[in-house]
Amino acid sequence: MIKLLKILLAEFWEKYHDASISQVRYAQFKPLKNKIKVAMGMRRVGKTYFLIQTIREIIDEHKLPIQRILYLNFEDDRLLPCSQATLRKLLEGFYQLYPENHDHTCYLFLDEIQNVEDWALVIRRFFDTKKVEIYLSGSSAKLLSKEIHTSLRGRSVASEIWPFSFREYLEAHQIDFQPNSFSTKTRDQLLQQLSAYLQEGGFPESTGLSIADRRQLLQDYVELVMVRDIIERYGITNISLIKYLVNTMIKHAGGTFSVNKFANDVKSQGLSGAKNTIHDYLLYIEDAYLAFTVPLYNESLRKVQSNPKKLYVVDTGLVNAYSFSVNNNYGHLFENLVYLELRRKGHDIYYYLTEERYEIDFFTIDPLGQQHIYQVVWDTADEKTMAREQRALQKAEKELGVTGELITPEIYVEKWLYS
């Protein structure tokens with residue numbers, strides 16, 4: 001194990017020194033002391049890059065020798081399958097290689113930790129007995145949360161990592177706009193780039209690819225998540241159903257979803273799929289950070305359960321990878337973008353129906369407990385659409401006692417881009 005650990009460390013530091021951290025990710029680990037830091041997000045969103053960025057920041061801030069930092073990626077086939085005992089030997093081996101580390105604070109970066117069986121018990125012991133700061137990443141909200149809420153209760157704090165935001169997308173394409181110097185030209189250029197972003201999405205590896213190559217790459221991502229993080233992890237045998245559900249959720253991002261209607265659709269196509277199974281599969285898909293459901297906001301649990309949920313995906317590029325045309329879909333893509341922005345800001349998200357059944361895209365509660373309502377409109381040139389959306393917003397403001405905000409592409413690039 002020591003021999004393999006030496007190889008892994010040498011390979012990482014060679015890669016680290018050769019890597020160029022030119023794209024800053026604006027996600028951050030929460031700055032809480034004496035906590036294990038956890039980064040969660042879908043595969044390929046850039047969690048490893050984010051960990052390496054954090055390592056650079058720590059080295060620059062503390063002027064650390066590299067011997068104080070351990071990075072392990074548990075997607076490496078040489079570490080799989082990885083048991084609790086193997087993890088323990090790797091961490092203990094790190095201190096055997098550098099005995100002086102027992103007297104110093106060390107930094108442990110463990111990537112895709114959910115691949116290690118019963119990992120939390122080992123992590124907890126090292127955190128409690130060593131001078132360490134521990135950083136973890138994982139691609140499963142449920143498995144990480146289960147361990148965090150049991151073995152690591154009170155010892156950890158989680159952050160979500162997403163594909164490039166629009167701001168990060170602009171920087172990845174080396175497009176520089178100053179936030180406080182908006183001219184008409186700048187606004188129009190940003191709106192043009194926003195349309196491109198909605199089509200291309202923000203997965204780092206898709207940047208600069210042709211349409212065909214990007215489409216294939218993103219479809220491969222979805223297939224990888226379905227196989228590794230859903231089918232294999234949960235022992236799913238109804239492969240046709242899970243694939244059809246994922247396909248439906250991606251294609252209908254920004255729309256509504258009813259388990260009852262989907263079950264009837266499945267039945268009409270000759271597929272098997274009980275409602276309870278569909279509910280379980282929805283949870284698995286959300287746990288893998290692939291797609292999400294948003295419930296109705298209402299004090300009546302019966303109304304919440306009887307109304308459909310809204311659908312959103314982790315990245316708008318996935319929608320286009322599964323669609324033949326986006327020309328008539330910008331409204332839903334823009335709404336999906338706003339959903340992701342609200343997730344980045346840490347909001348709890350719902351949609352709302354007024355007493356007259358006007359739909360409000362988002363009713364949210366921010367991390368400070370403040371309530372917000374947002375109505376998203378892509379086509380501001382359509383006077384009837386604008387009047388309808390503003391009327392719905394006014395009704396909701398009156399019913400909820402909350403000041404609402406209408407979000408258009410122009411408002412987004414001028415007020416939300418750098419917020």
# chains A, B, ... in the order shown; residues from 1 in each chain; ligands from 1

call {"tool": "select_by_dssp", "arguments": {"residues": "range 139-332 of chain A", "states": "strand (DSSP E or B)", "output": "list in words"}}
result
Ser156, Val157, Ala158, Ser159, Glu160, Thr256, Phe257, Ala291, Phe292, Thr293, Val294, Leu296, Lys309, Lys310, Leu311, Tyr312 and Val313 of chain A

call {"tool": "select_by_dssp", "arguments": {"residues": "range 72-182 of chain A", "states": "helix (DSSP H, G or I)", "output": "number ranges by chain"}}
result
A: 77-79, 84-97, 99-103, 113-115, 119-129, 141-149, 166-172

call {"tool": "closest_residue", "arguments": {"among": "A:Arg155, A:Lys384, A:Arg344, A:Lys310", "to": "Asn34 in chain A", "atoms": "only C-alpha atoms"}}
result
A:Arg155

call {"tool": "closest_atom_pairs", "arguments": {"of": "range 314-402 of chain A", "to": "range 202-216 of chain A", "cutoff": "9 Å", "atoms": "only C-alpha atoms", "output": "tab-separated table"}}
result
residue	atom	partner	partner_atom	distance
A:Asp315	CA	A:Gly202	CA	6.6
A:Thr316	CA	A:Gly202	CA	7.8
A:Gly317	CA	A:Gly202	CA	7.0
A:Leu318	CA	A:Arg215	CA	7.9
A:Asn320	CA	A:Arg215	CA	7.6
A:Ala321	CA	A:Arg215	CA	4.6
A:Tyr322	CA	A:Arg215	CA	7.9

call {"tool": "closest_residue", "arguments": {"among": "A:Arg153, A:Pro81, A:Ile55, A:Lys35", "to": "Phe127 in chain A", "atoms": "only C-alpha atoms"}}
result
A:Lys35

call {"tool": "closest_residue", "arguments": {"among": "A:Asp188, A:Asp366, A:Asp265, A:Glu341", "to": "Ile161 in chain A", "atoms": "only C-alpha atoms"}}
result
A:Glu341

call {"tool": "atom_distance", "arguments": {"atom1": "CA of Val132 in chain A", "atom2": "CA of Pro99 in chain A"}}
result
14.1 Å

call {"tool": "closest_residue", "arguments": {"among": "A:Tyr26, A:Tyr16, A:His279, A:Ser323", "to": "Ser159 in chain A", "atoms": "only C-alpha atoms"}}
result
A:Tyr26

call {"tool": "closest_residue", "arguments": {"among": "A:Leu4, A:Leu241, A:Ile58, A:Leu296", "to": "Lys275 in chain A", "atoms": "only C-alpha atoms"}}
result
A:Leu241

call {"tool": "decode", "arguments": {"residues": "range 297-331 of chain A", "atoms": "N, CA and C atoms", "output": "PDB file, in the first residue's frame"}}
result
ATOM      1  N   TYR A 297     -45.643  25.501  -3.602  1.00  0.00           N
ATOM      2  CA  TYR A 297     -45.652  26.080  -2.259  1.00  0.00           C
ATOM      3  C   TYR A 297     -47.102  26.281  -1.841  1.00  0.00           C
ATOM      4  N   ASN A 298     -47.507  25.577  -0.809  1.00  0.00           N
ATOM      5  CA  ASN A 298     -48.861  25.721  -0.287  1.00  0.00           C
ATOM      6  C   ASN A 298     -48.894  25.127   1.125  1.00  0.00           C
ATOM      7  N   GLU A 299     -49.666  25.732   2.003  1.00  0.00           N
ATOM      8  CA  GLU A 299     -49.761  25.233   3.373  1.00  0.00           C
ATOM      9  C   GLU A 299     -50.527  23.916   3.445  1.00  0.00           C
ATOM     10  N   SER A 300     -51.302  23.612   2.411  1.00  0.00           N
ATOM     11  CA  SER A 300     -52.062  22.371   2.376  1.00  0.00           C
ATOM     12  C   SER A 300     -51.216  21.259   1.766  1.00  0.00           C
ATOM     13  N   LEU A 301     -50.881  20.246   2.570  1.00  0.00           N
ATOM     14  CA  LEU A 301     -50.098  19.123   2.071  1.00  0.00           C
ATOM     15  C   LEU A 301     -50.841  18.396   0.956  1.00  0.00           C
ATOM     16  N   ARG A 302     -52.158  18.326   1.059  1.00  0.00           N
ATOM     17  CA  ARG A 302     -52.955  17.665   0.036  1.00  0.00           C
ATOM     18  C   ARG A 302     -52.790  18.361  -1.308  1.00  0.00           C
ATOM     19  N   LYS A 303     -52.819  19.694  -1.315  1.00  0.00           N
ATOM     20  CA  LYS A 303     -52.655  20.441  -2.562  1.00  0.00           C
ATOM     21  C   LYS A 303     -51.247  20.275  -3.127  1.00  0.00           C
ATOM     22  N   VAL A 304     -50.275  20.239  -2.229  1.00  0.00           N
ATOM     23  CA  VAL A 304     -48.893  20.045  -2.685  1.00  0.00           C
ATOM     24  C   VAL A 304     -48.762  18.699  -3.383  1.00  0.00           C
ATOM     25  N   GLN A 305     -49.350  17.666  -2.797  1.00  0.00           N
ATOM     26  CA  GLN A 305     -49.229  16.321  -3.343  1.00  0.00           C
ATOM     27  C   GLN A 305     -50.079  16.103  -4.590  1.00  0.00           C
ATOM     28  N   SER A 306     -51.172  16.831  -4.707  1.00  0.00           N
ATOM     29  CA  SER A 306     -52.069  16.631  -5.849  1.00  0.00           C
ATOM     30  C   SER A 306     -51.667  17.451  -7.070  1.00  0.00           C
ATOM     31  N   ASN A 307     -50.787  18.420  -6.898  1.00  0.00           N
ATOM     32  CA  ASN A 307     -50.329  19.223  -8.031  1.00  0.00           C
ATOM     33  C   ASN A 307     -49.012  18.676  -8.570  1.00  0.00           C
ATOM     34  N   PRO A 308     -48.776  18.833  -9.873  1.00  0.00           N
ATOM     35  CA  PRO A 308     -47.511  18.352 -10.445  1.00  0.00           C
ATOM     36  C   PRO A 308     -46.329  19.152  -9.927  1.00  0.00           C
ATOM     37  N   LYS A 309     -45.149  18.614 -10.136  1.00  0.00           N
ATOM     38  CA  LYS A 309     -43.921  19.322  -9.794  1.00  0.00           C
ATOM     39  C   LYS A 309     -43.314  19.922 -11.058  1.00  0.00           C
ATOM     40  N   LYS A 310     -42.442  20.894 -10.873  1.00  0.00           N
ATOM     41  CA  LYS A 310     -41.690  21.458 -11.995  1.00  0.00           C
ATOM     42  C   LYS A 310     -40.368  20.708 -12.133  1.00  0.00           C
ATOM     43  N   LEU A 311     -39.855  20.639 -13.355  1.00  0.00           N
ATOM     44  CA  LEU A 311     -38.619  19.927 -13.650  1.00  0.00           C
ATOM     45  C   LEU A 311     -37.502  20.882 -14.059  1.00  0.00           C
ATOM     46  N   TYR A 312     -36.306  20.610 -13.566  1.00  0.00           N
ATOM     47  CA  TYR A 312     -35.117  21.347 -13.991  1.00  0.00           C
ATOM     48  C   TYR A 312     -33.937  20.382 -14.054  1.00  0.00           C
ATOM     49  N   VAL A 313     -32.935  20.740 -14.844  1.00  0.00           N
ATOM     50  CA  VAL A 313     -31.757  19.885 -14.993  1.00  0.00           C
ATOM     51  C   VAL A 313     -30.515  20.628 -14.537  1.00  0.00           C
ATOM     52  N   VAL A 314     -29.428  19.876 -14.357  1.00  0.00           N
ATOM     53  CA  VAL A 314     -28.205  20.441 -13.812  1.00  0.00           C
ATOM     54  C   VAL A 314     -27.530  21.409 -14.772  1.00  0.00           C
ATOM     55  N   ASP A 315     -27.881  21.345 -16.061  1.00  0.00           N
ATOM     56  CA  ASP A 315     -27.218  22.197 -17.048  1.00  0.00           C
ATOM     57  C   ASP A 315     -28.076  22.256 -18.303  1.00  0.00           C
ATOM     58  N   THR A 316     -28.232  23.456 -18.844  1.00  0.00           N
ATOM     59  CA  THR A 316     -29.087  23.608 -20.029  1.00  0.00           C
ATOM     60  C   THR A 316     -28.507  22.910 -21.251  1.00  0.00           C
ATOM     61  N   GLY A 317     -27.188  22.710 -21.276  1.00  0.00           N
ATOM     62  CA  GLY A 317     -26.587  22.005 -22.399  1.00  0.00           C
ATOM     63  C   GLY A 317     -27.134  20.598 -22.549  1.00  0.00           C
ATOM     64  N   LEU A 318     -27.518  19.967 -21.430  1.00  0.00           N
ATOM     65  CA  LEU A 318     -28.074  18.617 -21.500  1.00  0.00           C
ATOM     66  C   LEU A 318     -29.395  18.615 -22.255  1.00  0.00           C
ATOM     67  N   VAL A 319     -30.205  19.664 -22.051  1.00  0.00           N
ATOM     68  CA  VAL A 319     -31.492  19.742 -22.741  1.00  0.00           C
ATOM     69  C   VAL A 319     -31.265  19.741 -24.246  1.00  0.00           C
ATOM     70  N   ASN A 320     -30.316  20.540 -24.678  1.00  0.00           N
ATOM     71  CA  ASN A 320     -30.056  20.651 -26.114  1.00  0.00           C
ATOM     72  C   ASN A 320     -29.402  19.391 -26.670  1.00  0.00           C
ATOM     73  N   ALA A 321     -28.687  18.661 -25.827  1.00  0.00           N
ATOM     74  CA  ALA A 321     -28.074  17.409 -26.269  1.00  0.00           C
ATOM     75  C   ALA A 321     -29.115  16.330 -26.525  1.00  0.00           C
ATOM     76  N   TYR A 322     -30.319  16.515 -25.978  1.00  0.00           N
ATOM     77  CA  TYR A 322     -31.388  15.540 -26.152  1.00  0.00           C
ATOM     78  C   TYR A 322     -32.545  16.087 -26.986  1.00  0.00           C
ATOM     79  N   SER A 323     -32.380  17.287 -27.534  1.00  0.00           N
ATOM     80  CA  SER A 323     -33.445  17.902 -28.318  1.00  0.00           C
ATOM     81  C   SER A 323     -32.981  18.113 -29.753  1.00  0.00           C
ATOM     82  N   PHE A 324     -33.936  18.181 -30.651  1.00  0.00           N
ATOM     83  CA  PHE A 324     -33.611  18.416 -32.053  1.00  0.00           C
ATOM     84  C   PHE A 324     -33.522  19.895 -32.380  1.00  0.00           C
ATOM     85  N   SER A 325     -34.197  20.735 -31.569  1.00  0.00           N
ATOM     86  CA  SER A 325     -34.195  22.171 -31.831  1.00  0.00           C
ATOM     87  C   SER A 325     -34.407  22.919 -30.533  1.00  0.00           C
ATOM     88  N   VAL A 326     -33.731  24.080 -30.391  1.00  0.00           N
ATOM     89  CA  VAL A 326     -33.919  24.916 -29.206  1.00  0.00           C
ATOM     90  C   VAL A 326     -34.589  26.241 -29.567  1.00  0.00           C
ATOM     91  N   ASN A 327     -34.951  26.410 -30.826  1.00  0.00           N
ATOM     92  CA  ASN A 327     -35.452  27.704 -31.272  1.00  0.00           C
ATOM     93  C   ASN A 327     -36.678  28.161 -30.503  1.00  0.00           C
ATOM     94  N   ASN A 328     -37.532  27.211 -30.097  1.00  0.00           N
ATOM     95  CA  ASN A 328     -38.751  27.587 -29.389  1.00  0.00           C
ATOM     96  C   ASN A 328     -38.683  27.272 -27.900  1.00  0.00           C
ATOM     97  N   ASN A 329     -37.456  27.041 -27.387  1.00  0.00           N
ATOM     98  CA  ASN A 329     -37.318  26.558 -26.018  1.00  0.00           C
ATOM     99  C   ASN A 329     -36.538  27.506 -25.117  1.00  0.00           C
ATOM    100  N   TYR A 330     -36.201  28.696 -25.596  1.00  0.00           N
ATOM    101  CA  TYR A 330     -35.373  29.597 -24.803  1.00  0.00           C
ATOM    102  C   TYR A 330     -36.048  29.992 -23.490  1.00  0.00           C
ATOM    103  N   GLY A 331     -37.363  30.088 -23.475  1.00  0.00           N
ATOM    104  CA  GLY A 331     -38.060  30.451 -22.249  1.00  0.00           C
ATOM    105  C   GLY A 331     -37.806  29.455 -21.147  1.00  0.00           C
TER     106      GLY A 331
END
